[in-house]
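Below is one structure, written out as structure tokens; comments come after it.
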Amino acid sequence: MNLIDGKKISLELQETIAAEVKKLKADGFKTPHLAAILVGSDGGSETYVASKIAACERVGFNSTLIRHPEYVTKEKLLQSIHELNNNPDVDGFIVQLPLPRHINEHKVIESILPTKDVDGFHPMNIGRMVLNLPCYVSATPYGIVHLLDKYKVETAGKHCVVIGRSHIVGSPLSILLAKNTPLGNCTVTLCHSKTVDLKSHTLKADILICALGSPDFVTADMVKDGVVIIDVGTTRVESTETKSGYKLKGDVKFDEVAPKCSLITPVPGGVGPMTIASLLRNTLLAAKKEMY
Ligand code: NAP
């Protein structure tokens, strides 16, 4: 078994981005600028946004954090988005999800200018991704494909099973991996909570992507020897081992599953760091106006 070191690959990608930013600035171009809107004070969202802002600093981007209280009105939130859409200094921005229940997530995402939607969640970017047109590919799926590429995992003709069909991870990833592209050409099975006899599918996987958000869900009896596993799950569970009182747990029962794998991502240190690097990459592309 070998570990897929997402932290290392993410840092490499960030170094490449930092070098490009340095060159852009030396050539007289403006500093790339990522903005983030954070609603409420959910612990997980606070942590994710803080990591994104810190990553911006590392690669030499400017960043702006706009905070709204949990009870913000839809109108106020849309006004913030409108301002960022029209701010020429902001190249791209994200609205950290999830949003409070009283706000319609789709309405919010659709109000983001597709050219500034560096999370790649806007229907325009998802549609363009499906059609193989230039677009911002959402950060987590891009990060996963990049990891498979870096670890030279052959995808063509392989059977890839994805557990989870969310709009931000499972569905776009299943499309990317099935495409007729060098990092695609998998035969993909997309599983979800209504899948009957999930194990009969996972046992056939050459590549297994676990994105359901259920700690320790995938056990050794569910996978075949030599499988490549990407564990996307990051659930915060209480822990007496950490100062914060919680730790992140993946969807895979790592200790018993890892010995059967040829490659596996740890949690943390696998997919998570790649998501941030991919977001920075999209922002750089936005700053260079290379997508649209
Ligand atoms: P989500 O929107 O809650 O979707 C979960 C998916 O898993 C759904 O499609 C659901 O099926 C399916 N599912 C749930 N229980 C299942 C079961 N017992 N068997 C088969 N399928 C099942 O989650 P998400 O936003 O995609 O996130 C998934 C996990 O990835 C979470 O832990 C999240 O924190 C993590 N995540 C990590 C990163 C990162 O950067 N590391 C980024 C994004 C998400 P239905 O559609 O039928 O309900």
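Ordering of the structure tokens sets the chain letters (A, B, ...), residue numbers begin anew at 1 in every chain, and ligands are numbered from 1 in the order given.
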*Collect all residues with atoms no farther than 7 Å from ligand 1, counting only C-alpha atoms and all ligand atoms, and output them as a PyMOL selection string.*
chain A and resi 140+163-170+191-195+198+211-214+232-235+250+271-275
Mind writing the picked residues with C-alpha atoms as a PDB file, in the first residue's frame?
ATOM      1  CA  THR A 140     -12.669  19.024  -5.318  1.00  0.00           C
ATOM      2  CA  ILE A 163     -20.213   6.684  -3.846  1.00  0.00           C
ATOM      3  CA  GLY A 164     -22.175   9.934  -3.525  1.00  0.00           C
ATOM      4  CA  ARG A 165     -23.867  12.014  -6.215  1.00  0.00           C
ATOM      5  CA  SER A 166     -23.711  15.565  -4.819  1.00  0.00           C
ATOM      6  CA  HIS A 167     -23.488  18.502  -7.220  1.00  0.00           C
ATOM      7  CA  ILE A 168     -20.125  19.542  -5.817  1.00  0.00           C
ATOM      8  CA  VAL A 169     -18.285  16.212  -5.675  1.00  0.00           C
ATOM      9  CA  GLY A 170     -19.757  12.907  -6.866  1.00  0.00           C
ATOM     10  CA  CYS A 191     -23.823   5.014  -6.372  1.00  0.00           C
ATOM     11  CA  HIS A 192     -26.057   6.789  -3.855  1.00  0.00           C
ATOM     12  CA  SER A 193     -28.299   6.102  -0.901  1.00  0.00           C
ATOM     13  CA  LYS A 194     -30.872   4.243  -3.046  1.00  0.00           C
ATOM     14  CA  THR A 195     -28.279   1.908  -4.595  1.00  0.00           C
ATOM     15  CA  LEU A 198     -23.671  -1.316  -2.778  1.00  0.00           C
ATOM     16  CA  ALA A 211     -17.829  10.899  -1.056  1.00  0.00           C
ATOM     17  CA  LEU A 212     -20.785  10.267   1.197  1.00  0.00           C
ATOM     18  CA  GLY A 213     -19.809  11.863   4.507  1.00  0.00           C
ATOM     19  CA  SER A 214     -20.263   8.777   6.689  1.00  0.00           C
ATOM     20  CA  VAL A 232     -13.272  12.533   0.100  1.00  0.00           C
ATOM     21  CA  GLY A 233     -15.199  12.272   3.360  1.00  0.00           C
ATOM     22  CA  THR A 234     -14.350  14.794   6.034  1.00  0.00           C
ATOM     23  CA  THR A 235     -16.675  14.510   8.988  1.00  0.00           C
ATOM     24  CA  GLY A 250     -12.904   9.923   6.294  1.00  0.00           C
ATOM     25  CA  VAL A 271      -8.220  15.424  -0.936  1.00  0.00           C
ATOM     26  CA  GLY A 272      -8.718  18.438   1.367  1.00  0.00           C
ATOM     27  CA  PRO A 273      -5.455  20.260   0.513  1.00  0.00           C
ATOM     28  CA  MET A 274      -6.098  19.624  -3.202  1.00  0.00           C
ATOM     29  CA  THR A 275      -9.453  21.406  -3.038  1.00  0.00           C
TER      30      THR A 275
END
*Please provide the set of residues having any atom within 9 Å of Ile94 of chain A, restricted to only C-alpha atoms, with same-chain residues fewer than 5 positions apart removed, written as a ChimeraX atom specification.*
/A:34-38,112,116-119
*Pairwise distance for atom CA of Lys30 of chain A and atom CA of Tyr136 of chain A, rounded to one decimal in Å*: 20.6 Å
Spatial neighbours of Tyr71 of chain A, max dist 9 Å, only C-alpha atoms, sep filter under 4 positions, as an mmCIF file with C-alpha atoms, in the first residue's frame:
data_model
loop_
_atom_site.group_PDB
_atom_site.id
_atom_site.type_symbol
_atom_site.label_atom_id
_atom_site.label_comp_id
_atom_site.auth_asym_id
_atom_site.auth_seq_id
_atom_site.Cartn_x
_atom_site.Cartn_y
_atom_site.Cartn_z
ATOM 1 C CA VAL A 39 -22.544 33.499 6.246
ATOM 2 C CA GLY A 40 -22.829 32.680 9.952
ATOM 3 C CA PRO A 100 -28.615 28.829 6.306
ATOM 4 C CA HIS A 102 -33.805 30.306 4.688
#
_All strand (DSSP E or B) positions in segment 81-241 of chain A, as a PyMOL selection string_ = chain A and resi 92-95+117+159-163+187-191+207-210+218+227-231+235-238
Would you save the residues of that selection, restricted to N, CA, C and O atoms, as an mmCIF file, in the first residue's frame?
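Output saved as selection17.cif:
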data_model
loop_
_atom_site.group_PDB
_atom_site.id
_atom_site.type_symbol
_atom_site.label_atom_id
_atom_site.label_comp_id
_atom_site.auth_asym_id
_atom_site.auth_seq_id
_atom_site.Cartn_x
_atom_site.Cartn_y
_atom_site.Cartn_z
ATOM 1 N N GLY A 92 -12.161 36.536 -8.847
ATOM 2 C CA GLY A 92 -13.072 35.423 -8.611
ATOM 3 C C GLY A 92 -13.508 35.443 -7.163
ATOM 4 O O GLY A 92 -12.835 36.020 -6.313
ATOM 5 N N PHE A 93 -14.664 34.823 -6.889
ATOM 6 C CA PHE A 93 -15.096 34.743 -5.489
ATOM 7 C C PHE A 93 -15.927 33.493 -5.242
ATOM 8 O O PHE A 93 -16.430 32.862 -6.180
ATOM 9 N N ILE A 94 -16.030 33.150 -3.971
ATOM 10 C CA ILE A 94 -16.812 31.978 -3.571
ATOM 11 C C ILE A 94 -17.812 32.384 -2.489
ATOM 12 O O ILE A 94 -17.576 33.347 -1.753
ATOM 13 N N VAL A 95 -18.900 31.658 -2.438
ATOM 14 C CA VAL A 95 -19.823 31.775 -1.304
ATOM 15 C C VAL A 95 -19.689 30.453 -0.565
ATOM 16 O O VAL A 95 -19.997 29.391 -1.125
ATOM 17 N N ASP A 117 -16.943 32.662 -11.099
ATOM 18 C CA ASP A 117 -17.374 31.519 -10.284
ATOM 19 C C ASP A 117 -16.236 30.500 -10.168
ATOM 20 O O ASP A 117 -16.258 29.430 -10.777
ATOM 21 N N HIS A 159 -12.594 0.458 -14.151
ATOM 22 C CA HIS A 159 -13.933 0.612 -13.583
ATOM 23 C C HIS A 159 -13.829 1.481 -12.337
ATOM 24 O O HIS A 159 -13.164 1.125 -11.367
ATOM 25 N N CYS A 160 -14.481 2.643 -12.397
ATOM 26 C CA CYS A 160 -14.444 3.560 -11.262
ATOM 27 C C CYS A 160 -15.816 3.599 -10.611
ATOM 28 O O CYS A 160 -16.827 3.826 -11.288
ATOM 29 N N VAL A 161 -15.862 3.365 -9.323
ATOM 30 C CA VAL A 161 -17.130 3.451 -8.592
ATOM 31 C C VAL A 161 -17.081 4.691 -7.700
ATOM 32 O O VAL A 161 -16.134 4.874 -6.932
ATOM 33 N N VAL A 162 -18.075 5.552 -7.865
ATOM 34 C CA VAL A 162 -18.171 6.772 -7.056
ATOM 35 C C VAL A 162 -19.341 6.588 -6.104
ATOM 36 O O VAL A 162 -20.461 6.305 -6.544
ATOM 37 N N ILE A 163 -19.091 6.734 -4.807
ATOM 38 C CA ILE A 163 -20.213 6.684 -3.846
ATOM 39 C C ILE A 163 -20.538 8.123 -3.459
ATOM 40 O O ILE A 163 -19.706 8.818 -2.881
ATOM 41 N N THR A 187 -14.916 3.527 -16.997
ATOM 42 C CA THR A 187 -16.320 3.108 -16.972
ATOM 43 C C THR A 187 -16.776 3.408 -15.557
ATOM 44 O O THR A 187 -16.186 2.915 -14.596
ATOM 45 N N VAL A 188 -17.794 4.294 -15.450
ATOM 46 C CA VAL A 188 -18.133 4.809 -14.118
ATOM 47 C C VAL A 188 -19.474 4.272 -13.625
ATOM 48 O O VAL A 188 -20.461 4.254 -14.357
ATOM 49 N N THR A 189 -19.490 3.844 -12.389
ATOM 50 C CA THR A 189 -20.751 3.504 -11.712
ATOM 51 C C THR A 189 -20.942 4.532 -10.602
ATOM 52 O O THR A 189 -20.051 4.711 -9.761
ATOM 53 N N LEU A 190 -22.072 5.236 -10.650
ATOM 54 C CA LEU A 190 -22.340 6.277 -9.649
ATOM 55 C C LEU A 190 -23.370 5.745 -8.646
ATOM 56 O O LEU A 190 -24.515 5.474 -9.001
ATOM 57 N N CYS A 191 -22.942 5.586 -7.402
ATOM 58 C CA CYS A 191 -23.823 5.014 -6.372
ATOM 59 C C CYS A 191 -24.322 6.105 -5.421
ATOM 60 O O CYS A 191 -23.687 7.152 -5.268
ATOM 61 N N ILE A 207 -10.968 1.740 -9.171
ATOM 62 C CA ILE A 207 -10.781 3.021 -8.482
ATOM 63 C C ILE A 207 -12.082 3.282 -7.713
ATOM 64 O O ILE A 207 -13.171 3.206 -8.292
ATOM 65 N N LEU A 208 -11.957 3.533 -6.428
ATOM 66 C CA LEU A 208 -13.158 3.763 -5.611
ATOM 67 C C LEU A 208 -13.088 5.163 -5.004
ATOM 68 O O LEU A 208 -12.130 5.493 -4.309
ATOM 69 N N ILE A 209 -14.093 5.975 -5.311
ATOM 70 C CA ILE A 209 -14.157 7.334 -4.760
ATOM 71 C C ILE A 209 -15.256 7.348 -3.704
ATOM 72 O O ILE A 209 -16.418 7.033 -4.004
ATOM 73 N N CYS A 210 -14.893 7.686 -2.484
ATOM 74 C CA CYS A 210 -15.870 7.659 -1.394
ATOM 75 C C CYS A 210 -16.219 9.087 -1.007
ATOM 76 O O CYS A 210 -15.383 9.801 -0.451
ATOM 77 N N VAL A 218 -16.785 2.564 4.573
ATOM 78 C CA VAL A 218 -16.240 1.549 3.660
ATOM 79 C C VAL A 218 -15.283 0.641 4.427
ATOM 80 O O VAL A 218 -14.273 1.088 4.975
ATOM 81 N N VAL A 227 -7.032 -2.136 -5.148
ATOM 82 C CA VAL A 227 -7.872 -0.988 -5.509
ATOM 83 C C VAL A 227 -7.159 0.341 -5.177
ATOM 84 O O VAL A 227 -6.313 0.402 -4.276
ATOM 85 N N VAL A 228 -7.497 1.391 -5.954
ATOM 86 C CA VAL A 228 -7.044 2.750 -5.633
ATOM 87 C C VAL A 228 -8.228 3.444 -4.970
ATOM 88 O O VAL A 228 -9.325 3.481 -5.540
ATOM 89 N N ILE A 229 -8.009 3.980 -3.777
ATOM 90 C CA ILE A 229 -9.138 4.623 -3.064
ATOM 91 C C ILE A 229 -8.869 6.105 -2.813
ATOM 92 O O ILE A 229 -7.806 6.487 -2.313
ATOM 93 N N ILE A 230 -9.857 6.907 -3.191
ATOM 94 C CA ILE A 230 -9.838 8.335 -2.878
ATOM 95 C C ILE A 230 -10.939 8.575 -1.859
ATOM 96 O O ILE A 230 -12.122 8.399 -2.155
ATOM 97 N N ASP A 231 -10.524 8.968 -0.662
ATOM 98 C CA ASP A 231 -11.484 9.190 0.420
ATOM 99 C C ASP A 231 -11.755 10.689 0.544
ATOM 100 O O ASP A 231 -10.909 11.457 1.011
ATOM 101 N N THR A 235 -15.651 14.253 7.964
ATOM 102 C CA THR A 235 -16.675 14.510 8.988
ATOM 103 C C THR A 235 -15.959 14.867 10.284
ATOM 104 O O THR A 235 -15.004 14.198 10.669
ATOM 105 N N ARG A 236 -16.428 15.944 10.914
ATOM 106 C CA ARG A 236 -15.832 16.338 12.204
ATOM 107 C C ARG A 236 -16.421 15.466 13.298
ATOM 108 O O ARG A 236 -17.638 15.450 13.479
ATOM 109 N N VAL A 237 -15.568 14.721 13.972
ATOM 110 C CA VAL A 237 -16.059 13.905 15.087
ATOM 111 C C VAL A 237 -15.341 14.322 16.369
ATOM 112 O O VAL A 237 -14.199 14.790 16.325
ATOM 113 N N GLU A 238 -16.023 14.177 17.477
ATOM 114 C CA GLU A 238 -15.421 14.566 18.759
ATOM 115 C C GLU A 238 -14.205 13.695 19.039
ATOM 116 O O GLU A 238 -14.188 12.510 18.680
#
*Could you check how far atom CA of Ser63 of chain A sits from atom CA of Asn125 of chain A, in Å to one decimal?*
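According to the coordinates, atom CA of Ser63 of chain A and atom CA of Asn125 of chain A are separated by 22.5 Å.
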*Hey, what's within 6 Å of segment 279-292 of chain A if we count only C-alpha atoms and toss same-chain stuff fewer than 4 positions away? As an MDAnalysis selection string, please?*
chainID A and resid 32 91:92 118 134:135 139
File of the preceding selection, N, CA and C atoms, as a PDB file, in the first residue's frame:
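Result file is again-v8.pdb:
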ATOM      1  N   PRO A  32      -3.645  38.868  -8.566  1.00  0.00           N
ATOM      2  CA  PRO A  32      -4.910  38.120  -8.535  1.00  0.00           C
ATOM      3  C   PRO A  32      -5.610  38.300  -7.188  1.00  0.00           C
ATOM      4  N   ASP A  91     -11.072  39.071  -9.071  1.00  0.00           N
ATOM      5  CA  ASP A  91     -11.041  38.166 -10.237  1.00  0.00           C
ATOM      6  C   ASP A  91     -12.033  37.021 -10.080  1.00  0.00           C
ATOM      7  N   GLY A  92     -12.161  36.536  -8.847  1.00  0.00           N
ATOM      8  CA  GLY A  92     -13.072  35.423  -8.611  1.00  0.00           C
ATOM      9  C   GLY A  92     -13.508  35.443  -7.163  1.00  0.00           C
ATOM     10  N   VAL A 118     -15.229  30.846  -9.365  1.00  0.00           N
ATOM     11  CA  VAL A 118     -14.035  29.996  -9.305  1.00  0.00           C
ATOM     12  C   VAL A 118     -14.260  28.686  -8.533  1.00  0.00           C
ATOM     13  N   PRO A 134     -14.073  25.196 -22.349  1.00  0.00           N
ATOM     14  CA  PRO A 134     -13.297  25.802 -21.268  1.00  0.00           C
ATOM     15  C   PRO A 134     -14.220  26.285 -20.147  1.00  0.00           C
ATOM     16  N   CYS A 135     -13.846  26.005 -18.916  1.00  0.00           N
ATOM     17  CA  CYS A 135     -14.704  26.371 -17.769  1.00  0.00           C
ATOM     18  C   CYS A 135     -13.899  26.226 -16.487  1.00  0.00           C
ATOM     19  N   ALA A 139     -13.625  22.607  -7.596  1.00  0.00           N
ATOM     20  CA  ALA A 139     -12.305  22.419  -6.998  1.00  0.00           C
ATOM     21  C   ALA A 139     -12.022  20.989  -6.532  1.00  0.00           C
TER      22      ALA A 139
END
_Here is a test: counting only C-alpha atoms, which residue of A:His146, A:Lys107, A:His122, A:Lys204 is nearest to Ser278 of chain A?_
A:His146
_Here is a test: counting only C-alpha atoms, which residue of A:Glu70, A:Glu110, A:Gly43, A:Val21 is nearest to Cys56 of chain A?_
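When distances to Cys56 of chain A are compared using only C-alpha atoms, the smallest one comes from A:Val21.
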*Between atom CA of Lys25 of chain A and atom CA of Asn62 of chain A, what is the spacing in Å?*
12.1 Å
*Among the residues of segment 67-292 of chain A, find those DSSP assigns to helix (DSSP H, G or I) from the backbone and print them as a PyMOL selection string.*
chain A and resi 74-85+105-110+114-116+123-130+139-150+170-178+198-202+220-222+254-260+271-287
Write out, as a PDB file, in the first residue's frame, the residues just selected, with C-alpha atoms.
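As a result, out21.pdb now contains:
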ATOM      1  CA  LYS A  74     -31.449  36.889   0.728  1.00  0.00           C
ATOM      2  CA  GLU A  75     -31.536  40.460  -0.659  1.00  0.00           C
ATOM      3  CA  LYS A  76     -28.531  41.544   1.380  1.00  0.00           C
ATOM      4  CA  LEU A  77     -26.550  38.490   0.334  1.00  0.00           C
ATOM      5  CA  LEU A  78     -27.423  38.975  -3.344  1.00  0.00           C
ATOM      6  CA  GLN A  79     -26.356  42.624  -3.026  1.00  0.00           C
ATOM      7  CA  SER A  80     -22.907  41.481  -1.821  1.00  0.00           C
ATOM      8  CA  ILE A  81     -22.651  39.145  -4.788  1.00  0.00           C
ATOM      9  CA  HIS A  82     -23.736  41.897  -7.172  1.00  0.00           C
ATOM     10  CA  GLU A  83     -20.976  44.146  -5.807  1.00  0.00           C
ATOM     11  CA  LEU A  84     -18.315  41.461  -6.257  1.00  0.00           C
ATOM     12  CA  ASN A  85     -19.605  40.693  -9.772  1.00  0.00           C
ATOM     13  CA  GLU A 105     -28.453  27.950  -2.472  1.00  0.00           C
ATOM     14  CA  HIS A 106     -29.283  27.624  -6.181  1.00  0.00           C
ATOM     15  CA  LYS A 107     -30.457  31.236  -6.412  1.00  0.00           C
ATOM     16  CA  VAL A 108     -27.250  32.386  -4.774  1.00  0.00           C
ATOM     17  CA  ILE A 109     -24.988  30.329  -7.041  1.00  0.00           C
ATOM     18  CA  GLU A 110     -26.873  31.405 -10.157  1.00  0.00           C
ATOM     19  CA  PRO A 114     -19.878  32.549 -14.357  1.00  0.00           C
ATOM     20  CA  THR A 115     -16.587  34.244 -15.236  1.00  0.00           C
ATOM     21  CA  LYS A 116     -15.943  34.855 -11.517  1.00  0.00           C
ATOM     22  CA  PRO A 123     -24.856  25.877 -14.066  1.00  0.00           C
ATOM     23  CA  MET A 124     -22.936  27.574 -16.890  1.00  0.00           C
ATOM     24  CA  ASN A 125     -19.619  26.145 -15.662  1.00  0.00           C
ATOM     25  CA  ILE A 126     -21.109  22.707 -14.998  1.00  0.00           C
ATOM     26  CA  GLY A 127     -22.720  22.665 -18.450  1.00  0.00           C
ATOM     27  CA  ARG A 128     -19.493  23.733 -20.113  1.00  0.00           C
ATOM     28  CA  MET A 129     -17.613  21.051 -18.194  1.00  0.00           C
ATOM     29  CA  VAL A 130     -20.049  18.415 -19.495  1.00  0.00           C
ATOM     30  CA  ALA A 139     -12.305  22.419  -6.998  1.00  0.00           C
ATOM     31  CA  THR A 140     -12.669  19.024  -5.318  1.00  0.00           C
ATOM     32  CA  PRO A 141     -13.268  16.993  -8.511  1.00  0.00           C
ATOM     33  CA  TYR A 142     -10.393  18.784 -10.265  1.00  0.00           C
ATOM     34  CA  GLY A 143      -8.133  18.136  -7.262  1.00  0.00           C
ATOM     35  CA  ILE A 144      -8.967  14.419  -7.323  1.00  0.00           C
ATOM     36  CA  VAL A 145      -8.290  14.042 -11.052  1.00  0.00           C
ATOM     37  CA  HIS A 146      -5.017  15.941 -10.566  1.00  0.00           C
ATOM     38  CA  LEU A 147      -4.017  13.521  -7.775  1.00  0.00           C
ATOM     39  CA  LEU A 148      -4.761  10.483  -9.959  1.00  0.00           C
ATOM     40  CA  ASP A 149      -2.683  12.050 -12.716  1.00  0.00           C
ATOM     41  CA  LYS A 150       0.258  12.835 -10.419  1.00  0.00           C
ATOM     42  CA  GLY A 170     -19.757  12.907  -6.866  1.00  0.00           C
ATOM     43  CA  SER A 171     -21.753  13.990  -9.931  1.00  0.00           C
ATOM     44  CA  PRO A 172     -19.131  16.252 -11.563  1.00  0.00           C
ATOM     45  CA  LEU A 173     -16.372  13.761 -10.760  1.00  0.00           C
ATOM     46  CA  SER A 174     -18.290  10.894 -12.360  1.00  0.00           C
ATOM     47  CA  ILE A 175     -18.632  13.006 -15.521  1.00  0.00           C
ATOM     48  CA  LEU A 176     -14.945  13.997 -15.567  1.00  0.00           C
ATOM     49  CA  LEU A 177     -13.795  10.402 -15.171  1.00  0.00           C
ATOM     50  CA  ALA A 178     -16.100   9.100 -17.891  1.00  0.00           C
ATOM     51  CA  LEU A 198     -23.671  -1.316  -2.778  1.00  0.00           C
ATOM     52  CA  LYS A 199     -21.012  -3.873  -1.911  1.00  0.00           C
ATOM     53  CA  SER A 200     -21.564  -5.769  -5.176  1.00  0.00           C
ATOM     54  CA  HIS A 201     -20.537  -2.555  -6.972  1.00  0.00           C
ATOM     55  CA  THR A 202     -17.644  -1.490  -4.746  1.00  0.00           C
ATOM     56  CA  ALA A 220     -12.251  -4.152   4.038  1.00  0.00           C
ATOM     57  CA  ASP A 221     -14.866  -6.680   2.876  1.00  0.00           C
ATOM     58  CA  MET A 222     -16.230  -4.070   0.413  1.00  0.00           C
ATOM     59  CA  PHE A 254      -8.527   3.270   7.002  1.00  0.00           C
ATOM     60  CA  ASP A 255      -6.681   0.761   9.207  1.00  0.00           C
ATOM     61  CA  GLU A 256      -8.404  -2.312   7.794  1.00  0.00           C
ATOM     62  CA  VAL A 257      -8.898  -1.097   4.199  1.00  0.00           C
ATOM     63  CA  ALA A 258      -5.475   0.456   3.489  1.00  0.00           C
ATOM     64  CA  PRO A 259      -3.527  -2.867   3.441  1.00  0.00           C
ATOM     65  CA  LYS A 260      -5.713  -4.042   0.516  1.00  0.00           C
ATOM     66  CA  VAL A 271      -8.220  15.424  -0.936  1.00  0.00           C
ATOM     67  CA  GLY A 272      -8.718  18.438   1.367  1.00  0.00           C
ATOM     68  CA  PRO A 273      -5.455  20.260   0.513  1.00  0.00           C
ATOM     69  CA  MET A 274      -6.098  19.624  -3.202  1.00  0.00           C
ATOM     70  CA  THR A 275      -9.453  21.406  -3.038  1.00  0.00           C
ATOM     71  CA  ILE A 276      -7.723  24.575  -1.873  1.00  0.00           C
ATOM     72  CA  ALA A 277      -4.975  24.367  -4.494  1.00  0.00           C
ATOM     73  CA  SER A 278      -7.587  23.856  -7.239  1.00  0.00           C
ATOM     74  CA  LEU A 279      -9.495  26.925  -6.089  1.00  0.00           C
ATOM     75  CA  LEU A 280      -6.280  28.967  -6.313  1.00  0.00           C
ATOM     76  CA  ARG A 281      -5.661  27.562  -9.781  1.00  0.00           C
ATOM     77  CA  ASN A 282      -9.138  28.638 -10.929  1.00  0.00           C
ATOM     78  CA  THR A 283      -8.552  32.111  -9.480  1.00  0.00           C
ATOM     79  CA  LEU A 284      -5.267  32.432 -11.347  1.00  0.00           C
ATOM     80  CA  LEU A 285      -7.024  31.411 -14.572  1.00  0.00           C
ATOM     81  CA  ALA A 286      -9.702  34.019 -13.843  1.00  0.00           C
ATOM     82  CA  ALA A 287      -7.052  36.698 -13.272  1.00  0.00           C
TER      83      ALA A 287
END
